[in-house]
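Shown below: query.cif, with mmCIF, C-alpha atoms.
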data_work
#
loop_
_atom_site.label_atom_id
_atom_site.label_comp_id
_atom_site.auth_asym_id
_atom_site.auth_seq_id
_atom_site.Cartn_x
_atom_site.Cartn_y
_atom_site.Cartn_z
CA MET P 122 -79.08 -140.43 71.60
CA SER P 123 -81.53 -143.24 70.80
CA VAL P 124 -81.62 -144.37 74.43
CA SER P 125 -82.45 -140.88 75.74
CA ARG P 126 -85.14 -140.49 73.12
CA SER P 127 -86.72 -143.81 74.14
CA VAL P 128 -86.70 -142.75 77.78
CA LEU P 129 -88.37 -139.44 76.85
CA VAL P 130 -91.11 -141.21 74.86
CA LEU P 131 -91.69 -143.67 77.71
CA GLY P 132 -92.02 -140.77 80.18
CA VAL P 133 -94.60 -139.03 77.98
CA VAL P 134 -96.63 -142.25 77.66
CA VAL P 135 -96.58 -142.78 81.42
CA CYS P 136 -97.77 -139.20 82.02
CA LEU P 137 -100.63 -139.57 79.53
CA VAL P 138 -101.72 -142.85 81.10
CA GLY P 139 -101.63 -141.26 84.55
CA VAL P 140 -103.75 -138.35 83.36
CA GLY P 141 -106.22 -140.77 81.83
CA PHE P 142 -106.58 -142.76 85.05
CA SER P 143 -106.95 -139.59 87.13
CA ALA P 144 -109.59 -138.12 84.81
CA SER P 145 -111.69 -141.24 84.33
CA PRO P 146 -112.96 -141.55 87.94
CA GLY P 147 -114.25 -138.00 87.87
CA MET P 148 -115.96 -138.58 84.52
CA ASP P 149 -117.49 -141.95 85.39
CA SER P 150 -117.95 -141.53 89.14
CA PRO P 151 -120.64 -143.99 90.30
CA VAL P 152 -123.95 -142.60 91.54
CA PRO P 153 -124.59 -143.60 95.17
CA PRO P 154 -127.52 -145.99 95.65
CA ILE P 155 -130.77 -144.50 96.86
CA LEU P 156 -132.02 -147.10 99.34
CA PRO P 157 -130.01 -148.58 102.22
CA LYS P 158 -129.75 -152.26 103.05
CA GLN P 159 -131.41 -151.76 106.43
CA PHE P 160 -132.77 -149.00 108.63
CA ALA P 161 -134.75 -148.75 111.91
CA GLY P 162 -135.21 -152.53 112.21
CA TRP P 163 -136.22 -152.98 108.56
CA GLU P 164 -134.02 -155.24 106.42
CA ILE P 165 -134.11 -155.45 102.64
CA GLN P 166 -135.38 -158.67 101.06
CA GLY P 167 -133.34 -159.76 98.06
CA THR P 168 -131.92 -156.99 95.89
CA ALA P 169 -133.38 -153.63 94.98
CA GLN P 170 -134.85 -153.03 91.54
CA VAL P 171 -132.75 -150.34 89.85
CA SER P 172 -133.68 -148.55 86.64
CA LYS P 173 -132.98 -145.34 84.76
CA ASP P 174 -136.21 -145.62 82.80
CA ALA P 175 -139.03 -143.39 84.01
CA SER P 176 -141.55 -146.03 82.89
CA ALA P 177 -140.30 -148.30 85.67
CA ALA P 178 -141.29 -145.66 88.22
CA ASP P 179 -144.65 -144.70 86.70
CA PRO P 180 -145.65 -146.10 83.29
CA THR P 181 -148.62 -143.73 83.01
CA ASN P 182 -146.73 -140.50 83.76
CA ALA P 183 -143.25 -141.36 82.49
CA ALA P 184 -143.10 -138.33 80.19
CA LEU P 185 -144.12 -136.03 83.02
CA LEU P 186 -141.41 -137.46 85.30
CA LYS P 187 -138.83 -136.80 82.60
CA GLU P 188 -140.08 -133.22 82.39
CA TYR P 189 -139.48 -132.92 86.13
CA GLY P 190 -135.86 -134.05 85.67
CA PHE P 191 -136.10 -137.78 86.52
CA THR P 192 -132.69 -139.51 86.65
CA ASP P 193 -133.09 -142.99 88.18
CA PHE P 194 -135.38 -145.20 90.25
CA GLU P 195 -135.09 -147.87 92.94
CA ALA P 196 -137.69 -150.16 94.45
CA ALA P 197 -137.27 -152.65 97.28
CA THR P 198 -139.22 -154.68 99.82
CA TYR P 199 -138.24 -154.59 103.49
CA LYS P 200 -139.22 -156.87 106.34
CA SER P 201 -139.19 -156.25 110.08
CA ASP P 202 -138.59 -158.65 112.94
CA ASP P 203 -142.32 -158.90 113.68
CA GLY P 204 -143.08 -160.06 110.12
CA ARG P 205 -144.47 -156.80 108.71
CA THR P 206 -143.43 -155.78 105.21
CA LEU P 207 -142.72 -152.39 103.71
CA LYS P 208 -142.57 -151.65 100.00
CA ILE P 209 -140.57 -148.57 99.04
CA ARG P 210 -140.32 -146.89 95.66
CA ALA P 211 -137.82 -144.04 95.37
CA ALA P 212 -137.22 -141.76 92.38
CA ARG P 213 -134.22 -139.46 92.12
CA PHE P 214 -134.39 -136.15 90.25
CA ALA P 215 -131.91 -133.54 89.10
CA ASP P 216 -132.53 -131.20 92.04
CA ALA P 217 -134.85 -130.52 94.95
CA SER P 218 -137.18 -128.34 92.84
CA ASP P 219 -137.89 -131.28 90.54
CA ALA P 220 -138.52 -133.63 93.46
CA PHE P 221 -140.85 -131.08 95.04
CA GLY P 222 -142.75 -130.70 91.77
CA ALA P 223 -143.23 -134.46 91.48
CA TYR P 224 -144.29 -134.58 95.13
CA THR P 225 -147.00 -131.96 94.54
CA PHE P 226 -148.17 -133.88 91.46
CA TYR P 227 -148.79 -137.07 93.48
CA LEU P 228 -150.05 -135.23 96.59
CA GLN P 229 -153.79 -135.55 97.20
CA PRO P 230 -155.94 -133.09 99.21
CA GLU P 231 -157.31 -135.84 101.44
CA MET P 232 -153.85 -136.83 102.69
CA ALA P 233 -152.75 -135.97 106.22
CA ARG P 234 -149.61 -133.94 106.77
CA GLU P 235 -146.60 -135.84 108.16
CA GLU P 236 -143.31 -134.56 109.56
CA ILE P 237 -141.16 -136.84 107.44
CA GLY P 238 -138.31 -135.65 105.25
CA ASP P 239 -138.65 -132.14 103.87
CA GLN P 240 -142.41 -132.62 103.40
CA GLY P 241 -144.60 -135.65 103.81
CA ALA P 242 -148.21 -136.83 103.72
CA SER P 243 -150.01 -140.08 104.37
CA LEU P 244 -153.27 -141.84 103.54
CA ASN P 245 -153.96 -145.13 105.34
CA GLN P 246 -150.88 -147.37 104.86
CA ARG P 247 -149.39 -145.17 102.08
CA VAL P 248 -146.84 -142.48 102.93
CA LEU P 249 -145.43 -140.00 100.43
CA PHE P 250 -142.48 -137.73 101.19
CA TYR P 251 -139.47 -136.14 99.56
CA ARG P 252 -136.02 -135.44 100.94
CA GLY P 253 -133.64 -133.29 98.92
CA HIS P 254 -133.87 -134.50 95.31
CA ILE P 255 -135.45 -137.90 96.12
CA LEU P 256 -139.18 -138.68 96.14
CA VAL P 257 -140.24 -141.73 98.20
CA GLU P 258 -143.46 -143.69 98.31
CA ALA P 259 -143.77 -146.18 101.19
CA VAL P 260 -146.60 -148.71 101.62
CA PHE P 261 -146.85 -150.61 104.92
CA SER P 262 -148.53 -153.96 105.24
CA GLN P 263 -149.55 -152.87 108.72
CA LEU P 264 -148.98 -149.60 110.54
CA SER P 265 -147.47 -149.32 114.00
CA ALA P 266 -146.64 -146.54 116.44
CA MET P 267 -143.06 -146.45 115.13
CA SER P 268 -143.85 -146.43 111.41
CA ALA P 269 -143.34 -142.68 111.03
CA ALA P 270 -140.15 -142.75 113.13
CA GLY P 271 -138.72 -145.46 110.91
CA LEU P 272 -139.36 -143.41 107.77
CA ARG P 273 -137.74 -140.39 109.42
CA GLU P 274 -134.63 -142.50 109.94
CA LEU P 275 -134.80 -143.57 106.30
CA ALA P 276 -135.06 -139.94 105.19
CA GLY P 277 -131.95 -139.14 107.22
CA VAL P 278 -129.77 -141.69 105.38
CA LEU P 279 -130.91 -140.83 101.85
CA PRO P 280 -128.21 -139.23 99.66
CA ARG P 281 -128.40 -135.44 99.44
CA PRO P 282 -127.65 -133.14 96.50
CA GLY P 283 -124.81 -130.65 96.72
CA GLY P 284 -124.76 -126.89 96.24
CA ASN P 285 -127.82 -125.13 94.87
CA ALA P 286 -129.40 -128.43 93.80
CA GLY P 287 -130.77 -128.80 97.31
CA LYS P 288 -132.69 -125.51 97.32
CA LEU P 289 -136.40 -125.13 96.59
CA PRO P 290 -137.63 -122.57 94.01
CA PRO P 291 -137.86 -119.05 95.49
CA ILE P 292 -141.34 -118.50 94.02
CA LEU P 293 -142.83 -120.72 96.74
CA ALA P 294 -142.14 -118.00 99.31
CA PHE P 295 -144.61 -115.64 97.58
CA MET P 296 -147.64 -117.90 98.03
CA PRO P 297 -149.95 -116.41 100.72
CA HIS P 298 -150.76 -118.49 103.79
CA HIS P 299 -154.13 -116.97 104.70
CA GLY P 300 -157.00 -119.00 103.27
CA TYR P 301 -154.77 -121.69 101.75
CA GLU P 302 -156.37 -125.11 101.32
CA ALA P 303 -154.06 -127.88 102.56
CA ASN P 304 -152.30 -130.11 100.02
CA THR P 305 -153.41 -128.06 96.98
CA GLU P 306 -150.04 -126.51 96.12
CA LYS P 307 -148.76 -127.57 92.70
CA TYR P 308 -145.45 -126.74 91.02
CA ALA P 309 -144.78 -126.99 87.29
CA GLU P 310 -141.72 -126.49 85.11
CA GLY P 311 -143.18 -127.59 81.77
CA PRO P 312 -146.36 -127.88 79.69
CA LEU P 313 -147.12 -131.49 80.69
CA ALA P 314 -147.16 -130.69 84.38
CA LEU P 315 -149.14 -127.51 83.75
CA GLY P 316 -151.79 -129.46 81.87
CA ALA P 317 -151.97 -132.07 84.64
CA ILE P 318 -152.67 -129.54 87.40
CA ALA P 319 -155.68 -127.85 85.71
CA SER P 320 -154.14 -124.46 85.03
CA PRO P 321 -156.53 -121.54 84.36
CA ILE P 322 -154.41 -120.48 81.36
CA PRO P 323 -152.90 -122.75 78.69
CA ALA P 324 -149.21 -123.51 78.34
CA ASP P 325 -148.98 -121.38 75.16
CA LEU P 326 -149.70 -118.24 77.15
CA VAL P 327 -147.33 -119.23 79.93
CA ASP P 328 -144.62 -119.78 77.28
CA PHE P 329 -142.18 -122.25 78.83
CA SER P 330 -139.60 -121.28 76.20
CA ALA P 331 -138.97 -118.23 78.42
CA SER P 332 -138.00 -120.52 81.35
CA PRO P 333 -140.77 -119.58 83.79
CA GLU P 334 -141.67 -121.36 87.02
CA VAL P 335 -145.33 -121.90 87.93
CA VAL P 336 -146.92 -122.57 91.30
CA MET P 337 -150.63 -122.88 91.99
CA GLY P 338 -152.83 -123.27 95.05
CA GLU P 339 -156.45 -123.29 96.11
CA TYR P 340 -157.76 -120.61 98.51
CA SER P 341 -161.03 -120.20 100.32
CA THR P 342 -162.72 -116.83 99.83
CA PRO P 343 -166.14 -115.43 100.80
CA GLY P 344 -167.34 -116.17 97.27
CA GLY P 345 -166.04 -119.74 97.20
CA GLU P 346 -162.86 -121.61 96.36
CA ALA P 347 -160.49 -119.70 94.09
CA THR P 348 -157.27 -120.60 92.29
CA LEU P 349 -154.16 -118.48 92.71
CA MET P 350 -151.46 -118.98 90.06
CA LEU P 351 -148.02 -117.40 90.18
CA ILE P 352 -145.74 -117.36 87.13
CA GLU P 353 -142.18 -116.17 87.71
CA TYR P 354 -140.14 -115.14 84.66
CA PRO P 355 -136.40 -114.46 84.60
CA THR P 356 -136.88 -110.67 84.24
CA PRO P 357 -139.63 -108.10 84.94
CA ALA P 358 -139.65 -107.15 81.24
CA LEU P 359 -140.59 -110.71 80.23
CA ALA P 360 -143.28 -110.76 82.91
CA ALA P 361 -144.78 -107.50 81.60
CA GLU P 362 -144.77 -108.80 78.01
CA HIS P 363 -146.49 -112.05 78.94
CA LEU P 364 -149.03 -110.24 81.10
CA ARG P 365 -150.05 -108.19 78.05
CA ARG P 366 -150.52 -111.40 76.07
CA ILE P 367 -152.65 -112.93 78.84
CA ASP P 368 -154.81 -109.80 79.09
CA ALA P 369 -155.23 -109.68 75.32
CA ALA P 370 -156.36 -113.33 75.26
CA HIS P 371 -158.67 -112.75 78.22
CA HIS P 372 -160.40 -109.73 76.73
CA ALA P 373 -160.67 -111.15 73.23
CA ALA P 374 -164.25 -111.17 71.97
CA GLN P 375 -163.93 -114.64 70.48
CA PRO P 376 -161.08 -117.11 70.08
CA GLN P 377 -159.08 -116.80 66.89
CA ALA P 378 -157.52 -119.67 65.00
CA GLY P 379 -153.98 -120.37 66.16
CA VAL P 380 -154.27 -118.00 69.15
CA ALA P 381 -154.31 -119.36 72.69
CA ALA P 382 -157.29 -118.40 74.83
CA VAL P 383 -157.86 -118.25 78.54
CA GLU P 384 -159.81 -121.19 79.93
CA ASN P 385 -163.41 -120.66 81.02
CA VAL P 386 -162.80 -120.47 84.75
CA GLY P 387 -165.20 -117.68 85.68
CA PRO P 388 -164.01 -114.24 86.82
CA PHE P 389 -160.36 -113.64 86.01
CA PHE P 390 -158.03 -111.12 87.64
CA ASP P 391 -154.31 -110.62 87.26
CA LYS P 392 -151.44 -108.31 88.11
CA ARG P 393 -147.67 -108.12 87.84
CA THR P 394 -145.24 -107.59 90.70
CA GLY P 395 -141.61 -107.59 89.64
CA PRO P 396 -140.92 -110.70 87.53
CA ILE P 397 -144.07 -112.46 88.85
CA VAL P 398 -147.45 -112.57 87.12
CA ALA P 399 -150.21 -113.34 89.62
CA ILE P 400 -153.56 -114.68 88.41
CA ALA P 401 -156.69 -115.19 90.53
CA ALA P 402 -159.50 -117.20 88.94
CA GLY P 403 -162.76 -118.63 90.16
CA PRO P 404 -165.96 -117.31 91.79
CA LEU P 405 -164.34 -114.10 93.01
CA SER P 406 -165.66 -110.61 93.48
CA GLN P 407 -163.37 -107.74 92.62
CA SER P 408 -162.70 -106.97 96.28
CA ASP P 409 -161.92 -110.62 97.06
CA ALA P 410 -159.58 -110.78 94.07
CA GLN P 411 -157.80 -107.60 95.14
CA THR P 412 -157.35 -109.02 98.64
CA LEU P 413 -155.92 -112.28 97.31
CA LEU P 414 -153.66 -110.63 94.73
CA GLY P 415 -152.63 -107.95 97.22
CA ALA P 416 -150.98 -110.62 99.36
CA VAL P 417 -148.49 -111.28 96.55
CA ASN P 418 -145.74 -108.66 96.57
CA TYR P 419 -142.27 -109.01 95.13
CA GLU P 420 -139.48 -107.18 96.92
CA ALA P 421 -136.12 -107.16 95.20
CA SER P 422 -133.24 -108.09 97.47
CA VAL P 423 -129.67 -107.20 96.64
CA THR P 424 -126.98 -109.64 97.68
CA TRP P 425 -123.49 -108.26 98.13
CA ASN P 426 -121.16 -110.96 96.85
CA GLU P 427 -117.89 -109.04 97.17
CA ASN P 428 -115.40 -110.84 99.34
CA THR P 429 -115.12 -109.17 102.74
CA TYR P 430 -111.77 -110.90 103.39
CA PHE P 431 -112.57 -111.77 106.99
CA ASP P 432 -109.24 -113.47 107.48
CA LYS P 433 -106.31 -113.04 109.84
CA LYS P 434 -104.86 -110.27 107.72
CA ASN P 435 -108.04 -108.18 107.41
CA ASN P 436 -109.63 -108.78 110.80
CA ILE P 437 -110.21 -105.56 112.79
CA ALA P 438 -109.52 -107.40 116.07
CA ASN P 439 -106.09 -108.42 114.82
CA LEU P 440 -105.50 -104.82 113.77
CA LEU P 441 -106.21 -103.55 117.31
CA VAL P 442 -103.95 -106.22 118.84
CA ASN P 443 -101.16 -105.26 116.45
CA ILE P 444 -101.58 -101.58 117.35
CA ILE P 445 -101.27 -102.39 121.07
CA LEU P 446 -98.19 -104.53 120.42
CA LEU P 447 -96.68 -101.73 118.33
CA CYS P 448 -97.23 -99.23 121.17
CA ILE P 449 -95.57 -101.61 123.65
CA LEU P 450 -92.65 -102.14 121.27
CA VAL P 451 -92.16 -98.40 120.68
CA GLY P 452 -92.30 -97.75 124.43
CA ALA P 453 -89.74 -100.48 125.10
CA ILE P 454 -87.43 -99.12 122.41
CA SER P 455 -87.76 -95.59 123.82
CA LEU P 456 -86.99 -96.81 127.34
CA ALA P 457 -83.99 -98.81 126.15
CA ALA P 458 -82.72 -95.85 124.14
CA GLY P 459 -83.05 -93.53 127.15
CA VAL P 460 -81.19 -95.94 129.45
CA ALA P 461 -78.49 -96.45 126.85
CA PHE P 462 -78.06 -92.72 126.26
CA GLY P 463 -77.91 -91.88 129.98
CA GLY P 464 -75.54 -94.77 130.74
CA ALA P 465 -73.23 -93.76 127.90
CA ARG P 466 -72.97 -90.21 129.23
CA VAL P 467 -72.11 -91.46 132.71
CA LEU P 468 -69.40 -93.76 131.38
CA LEU P 469 -67.92 -91.10 129.09
CA ARG P 470 -67.77 -88.58 131.95
CA ARG P 471 -66.06 -91.15 134.13
CA TYR P 472 -63.41 -92.29 131.68
CA PHE P 473 -63.04 -89.14 129.61
CA PRO P 474 -63.43 -86.17 131.92
CA GLY P 475 -62.86 -82.74 130.49
CA PRO P 476 -64.53 -79.93 128.69
CA VAL P 477 -65.91 -82.21 126.00
CA PHE P 478 -67.55 -85.09 127.82
CA GLY P 479 -67.72 -83.55 131.25
CA ARG P 480 -68.00 -80.24 133.13
CA SER P 481 -66.95 -78.90 136.47
CA ASP P 482 -69.10 -79.75 139.40
CA GLN P 483 -68.89 -76.07 140.50
CA ALA P 484 -70.12 -74.74 137.21
CA GLU P 485 -71.31 -71.22 137.41
CA PHE P 486 -74.79 -70.37 136.43
CA ILE P 487 -76.85 -67.28 136.21
CA SER P 488 -79.27 -66.77 139.06
CA LEU P 489 -81.68 -64.08 140.10
CA ASP P 490 -81.53 -62.93 143.76
CA LEU P 491 -85.09 -61.96 144.40
CA ALA P 492 -84.76 -61.67 148.23
CA GLU P 493 -85.33 -58.22 149.80
CA PRO P 494 -81.89 -56.57 150.75
CA ALA P 495 -81.22 -55.66 154.42
CA PRO P 496 -80.97 -51.86 155.31
CA GLN P 497 -77.38 -50.49 155.52
CA ARG P 498 -76.11 -47.99 158.25
CA SER P 499 -74.12 -44.86 157.41
CA SER P 500 -70.44 -44.78 158.55
CA ALA P 501 -70.48 -40.91 159.14
CA HIS P 502 -72.61 -41.22 162.19
CA PRO P 503 -71.30 -43.91 164.49
CA PRO P 504 -73.72 -45.31 166.95
CA ALA P 505 -74.12 -43.28 170.18
CA ARG P 506 -72.54 -44.65 173.30
CA THR P 507 -74.41 -44.88 176.48
CA LYS P 508 -72.88 -43.10 179.39
CA THR P 509 -73.10 -44.52 182.81
CA SER P 510 -72.83 -42.33 185.88
CA ASN P 511 -70.84 -43.42 188.80
CA GLY P 512 -72.35 -42.70 192.08
CA SER P 513 -70.14 -40.65 194.23
#
Produce structure tokens that represent the structure in this file.
Amino acid sequence: MSVSRSVLVLGVVVCLVGVGFSASPGMDSPVPPILPKQFAGWEIQGTAQVSKDASAADPTNAALLKEYGFTDFEAATYKSDDGRTLKIRAARFADASDAFGAYTFYLQPEMAREEIGDQGASLNQRVLFYRGHILVEAVFSQLSAMSAAGLRELAGVLPRPGGNAGKLPPILAFMPHHGYEANTEKYAEGPLALGAIASPIPADLVDFSASPEVVMGEYSTPGGEATLMLIEYPTPALAAEHLRRIDAAHHAAQPQAGVAAVENVGPFFDKRTGPIVAIAAGPLSQSDAQTLLGAVNYEASVTWNENTYFDKKNNIANLLVNIILLCILVGAISLAAGVAFGGARVLLRRYFPGPVFGRSDQAEFISLDLAEPAPQRSSAHPPARTKTSNGS
């Protein structure tokens, strides 16, 4: 009894240890490095600087990077065969929305647009781009014709987020394109970012406790440059409530203590469309504001998530094939049954002739004689004989 109990205890311990080893890699799975050792003829010099402190990436805006979902940072210096150097600083965020927000924070209007990563821009030897949830700043010692191509190759080998973490915020699709000033789009998820992008309304009125998303942009109008601000709330009811607060603060005669007020940005127009509050501010006439706000329209889209079961069992093509095969099978069975039945009758008539399994070949049957009957001659009047005369 004691031996079996010891074996049972040992088995339980082994199972628990196995579960612990199998669970620990999933819990402490290492994060892949951001920067590669080499790419496009560039080779890393020394080792990369790695840090999970936002101050290492940007000491001045560390708190803002944390608000954007900063996770870790890498910096490295690369050297090419011709002696040129390239300094790269890469920050990883929780998802693509955070990386895009940080990209818009560092983006300057005077930068030129570059087709690098998901979005990119450059100014002299400095190139800024983001790819997925990683924001990259590259500074060349000297530019060449292949500098942009090399960074495109770098963007292709950067680690990518999985699932929905790689998707941009849907509110970006509602920003109008007509009249947009290049490189002025800004995205904010918190009060620090909102304060850094010169919002026309304060963070208290936006109310980030309700989990809104904010995007801003500059637009050229006949009256001058105007600011368009979109605030998307989780529900239309929250958007309507916050629009009433913004209108109340805008139309207040004078600011009250403890009550947020709208900034002095000139004429101010707003509207709500679905869960989005749109605000146009700046030197705008009413018609210009209506034109700008009229370009923002929310259309609810319904996604049908029910499984359509497009598999081998529920495919209509397979159903048609099975119906054809069933028809062929039924026809073959019918043909075989007919041959078997006819053959059995022939054999039974041959080996068991008689009234049961056979019948006479001269079997009588009822028939209808529909032919017209021939005329009959009477026997009382025999046919006349022809007399011949003999010549005398």
**Asked** Which polymer residues have any atom within 6 Å of an atom of range 159-165 of chain P, counting all atoms listed in the file, with same-chain residues fewer than 5 positions away left out, as a PyMOL selection string?
**Response** chain P and resi 198-201+271
Close residues, Glu362 in chain P itself excluded, 12 Å, only C-alpha atoms, min 4 positions apart in chain, as an mmCIF file with C-alpha atoms, in the coordinates of the input:
data_model
loop_
_atom_site.group_PDB
_atom_site.id
_atom_site.type_symbol
_atom_site.label_atom_id
_atom_site.label_comp_id
_atom_site.auth_asym_id
_atom_site.auth_seq_id
_atom_site.Cartn_x
_atom_site.Cartn_y
_atom_site.Cartn_z
ATOM 1 C CA LEU P 326 -149.700 -118.240 77.150
ATOM 2 C CA VAL P 327 -147.330 -119.230 79.930
ATOM 3 C CA ASP P 328 -144.620 -119.780 77.280
ATOM 4 C CA ALA P 331 -138.970 -118.230 78.420
ATOM 5 C CA TYR P 354 -140.140 -115.140 84.660
ATOM 6 C CA THR P 356 -136.880 -110.670 84.240
ATOM 7 C CA PRO P 357 -139.630 -108.100 84.940
ATOM 8 C CA ALA P 358 -139.650 -107.150 81.240
ATOM 9 C CA ARG P 366 -150.520 -111.400 76.070
ATOM 10 C CA ILE P 367 -152.650 -112.930 78.840
ATOM 11 C CA ASP P 368 -154.810 -109.800 79.090
ATOM 12 C CA ALA P 369 -155.230 -109.680 75.320
ATOM 13 C CA ARG P 393 -147.670 -108.120 87.840
ATOM 14 C CA PRO P 396 -140.920 -110.700 87.530
ATOM 15 C CA ILE P 397 -144.070 -112.460 88.850
ATOM 16 C CA VAL P 398 -147.450 -112.570 87.120
#
**Message:** Applying 8 Å and all atoms listed in the file, which residues near range 411-414 of chain P remain after dropping the ones on its own chain fewer than 6 positions away? List them as a PyMOL selection string.
**Reply:** chain P and resi 349+391-392+399-401
Can you spell out as a CSV table (one decimal) with C-alpha atoms, in the coordinates of the input the set of residues that the PyMOL selection byres ((chain P and resi 274-277) around 10) selects in the structure I just provided?
chain,number,residue,atom,x,y,z
P,156,LEU,CA,-132.0,-147.1,99.3
P,157,PRO,CA,-130.0,-148.6,102.2
P,159,GLN,CA,-131.4,-151.8,106.4
P,160,PHE,CA,-132.8,-149.0,108.6
P,161,ALA,CA,-134.8,-148.8,111.9
P,163,TRP,CA,-136.2,-153.0,108.6
P,237,ILE,CA,-141.2,-136.8,107.4
P,238,GLY,CA,-138.3,-135.6,105.2
P,239,ASP,CA,-138.6,-132.1,103.9
P,250,PHE,CA,-142.5,-137.7,101.2
P,251,TYR,CA,-139.5,-136.1,99.6
P,252,ARG,CA,-136.0,-135.4,100.9
P,253,GLY,CA,-133.6,-133.3,98.9
P,255,ILE,CA,-135.4,-137.9,96.1
P,257,VAL,CA,-140.2,-141.7,98.2
P,269,ALA,CA,-143.3,-142.7,111.0
P,270,ALA,CA,-140.2,-142.8,113.1
P,271,GLY,CA,-138.7,-145.5,110.9
P,272,LEU,CA,-139.4,-143.4,107.8
P,273,ARG,CA,-137.7,-140.4,109.4
P,278,VAL,CA,-129.8,-141.7,105.4
P,279,LEU,CA,-130.9,-140.8,101.8
P,280,PRO,CA,-128.2,-139.2,99.7
P,281,ARG,CA,-128.4,-135.4,99.4
**Prompt:** Written as a list in words, what is the full residue list that the PyMOL selection byres ((chain P and resi 338) around 7) yields on the file shown?
**Reply:**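 Selected by the PyMOL selection byres ((chain P and resi 338) around 7) in this file: Thr305, Glu306, Lys307, Met337, Glu339, Tyr340, Thr348, Leu349 and Met350 of chain P.
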Prev. selection, C-alpha atoms, output as a compact mmCIF listing (two decimals), keeping the file's coordinate frame:
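Written file, selection_20.txt:
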# COMPACT_ATOMS: atom_id res chain seq x y z
CA THR P 305 -153.41 -128.06 96.98
CA GLU P 306 -150.04 -126.51 96.12
CA LYS P 307 -148.76 -127.57 92.70
CA MET P 337 -150.63 -122.88 91.99
CA GLU P 339 -156.45 -123.29 96.11
CA TYR P 340 -157.76 -120.61 98.51
CA THR P 348 -157.27 -120.60 92.29
CA LEU P 349 -154.16 -118.48 92.71
CA MET P 350 -151.46 -118.98 90.06
**Request:** Tell me, in Å to one decimal, how far CA of Val171 in chain P is from CA of Ala196 in chain P.
**Result:** 6.8 Å
**Request:** Using the chain letters and residue numbers of this document, give as a list in words the residues selected by the PyMOL selection byres ((chain P and resi 389) around 9).
**Result:**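 Checking the PyMOL selection byres ((chain P and resi 389) around 9) against this file, the residues are Pro321, His371, Val386, Gly387, Pro388, Phe390, Asp391, Ile400, Ala401, Ala402, Gly403, Pro404, Leu405 and Ala410 of chain P.
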Limited to C-alpha atoms, could you put the picked residues into a file as a PDB file, in the coordinates of the input?
ATOM      1  CA  PRO P 321    -156.530-121.540  84.360  1.00  0.00           C
ATOM      2  CA  HIS P 371    -158.670-112.750  78.220  1.00  0.00           C
ATOM      3  CA  VAL P 386    -162.800-120.470  84.750  1.00  0.00           C
ATOM      4  CA  GLY P 387    -165.200-117.680  85.680  1.00  0.00           C
ATOM      5  CA  PRO P 388    -164.010-114.240  86.820  1.00  0.00           C
ATOM      6  CA  PHE P 390    -158.030-111.120  87.640  1.00  0.00           C
ATOM      7  CA  ASP P 391    -154.310-110.620  87.260  1.00  0.00           C
ATOM      8  CA  ILE P 400    -153.560-114.680  88.410  1.00  0.00           C
ATOM      9  CA  ALA P 401    -156.690-115.190  90.530  1.00  0.00           C
ATOM     10  CA  ALA P 402    -159.500-117.200  88.940  1.00  0.00           C
ATOM     11  CA  GLY P 403    -162.760-118.630  90.160  1.00  0.00           C
ATOM     12  CA  PRO P 404    -165.960-117.310  91.790  1.00  0.00           C
ATOM     13  CA  LEU P 405    -164.340-114.100  93.010  1.00  0.00           C
ATOM     14  CA  ALA P 410    -159.580-110.780  94.070  1.00  0.00           C
TER      15      ALA P 410
END
**Request:** For Asn418 in chain P, please output as a list of chain:residue names all residues within 8 Å (counting all atoms listed in the file; exclusion window: fewer than 3 positions along the same chain).
**Result:** P:Phe295, P:Thr394, P:Gly415
**Item:** Separation of CA of Val335 in chain P from CA of Val417 in chain P in Å
**Value:** 14.0 Å
**Asked** So which one's closest to Ala183 in chain P, P:Met232, P:Ala461, P:Ala319, P:Leu313? Using only C-alpha atoms, please.
**Response**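 The answer is P:Leu313, which sits nearest to Ala183 in chain P.
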**Request:** For CA of Ala465 in chain P and CA of Val451 in chain P, determine how far apart the two atoms are, in Å to one decimal place.
**Result:** 20.8 Å
**Request:** Could you tell me which of P:Tyr301, P:Phe191, P:Tyr227, P:Phe473 comes closest to Ala416 in chain P if we count all atoms listed in the file?
**Result:** P:Tyr301
**Contacts of range 258-262 of chain P at 7 Å (only C-alpha atoms; same-chain gap of 4+ positions) as a PyMOL selection string** = chain P and resi 205-211+246-250
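The nearest approach to Leu228 in chain P among the residues P:Asn436, P:Asn443, P:Asn304, P:Gln170, with only C-alpha atoms taken into account, belongs to P:Asn304.
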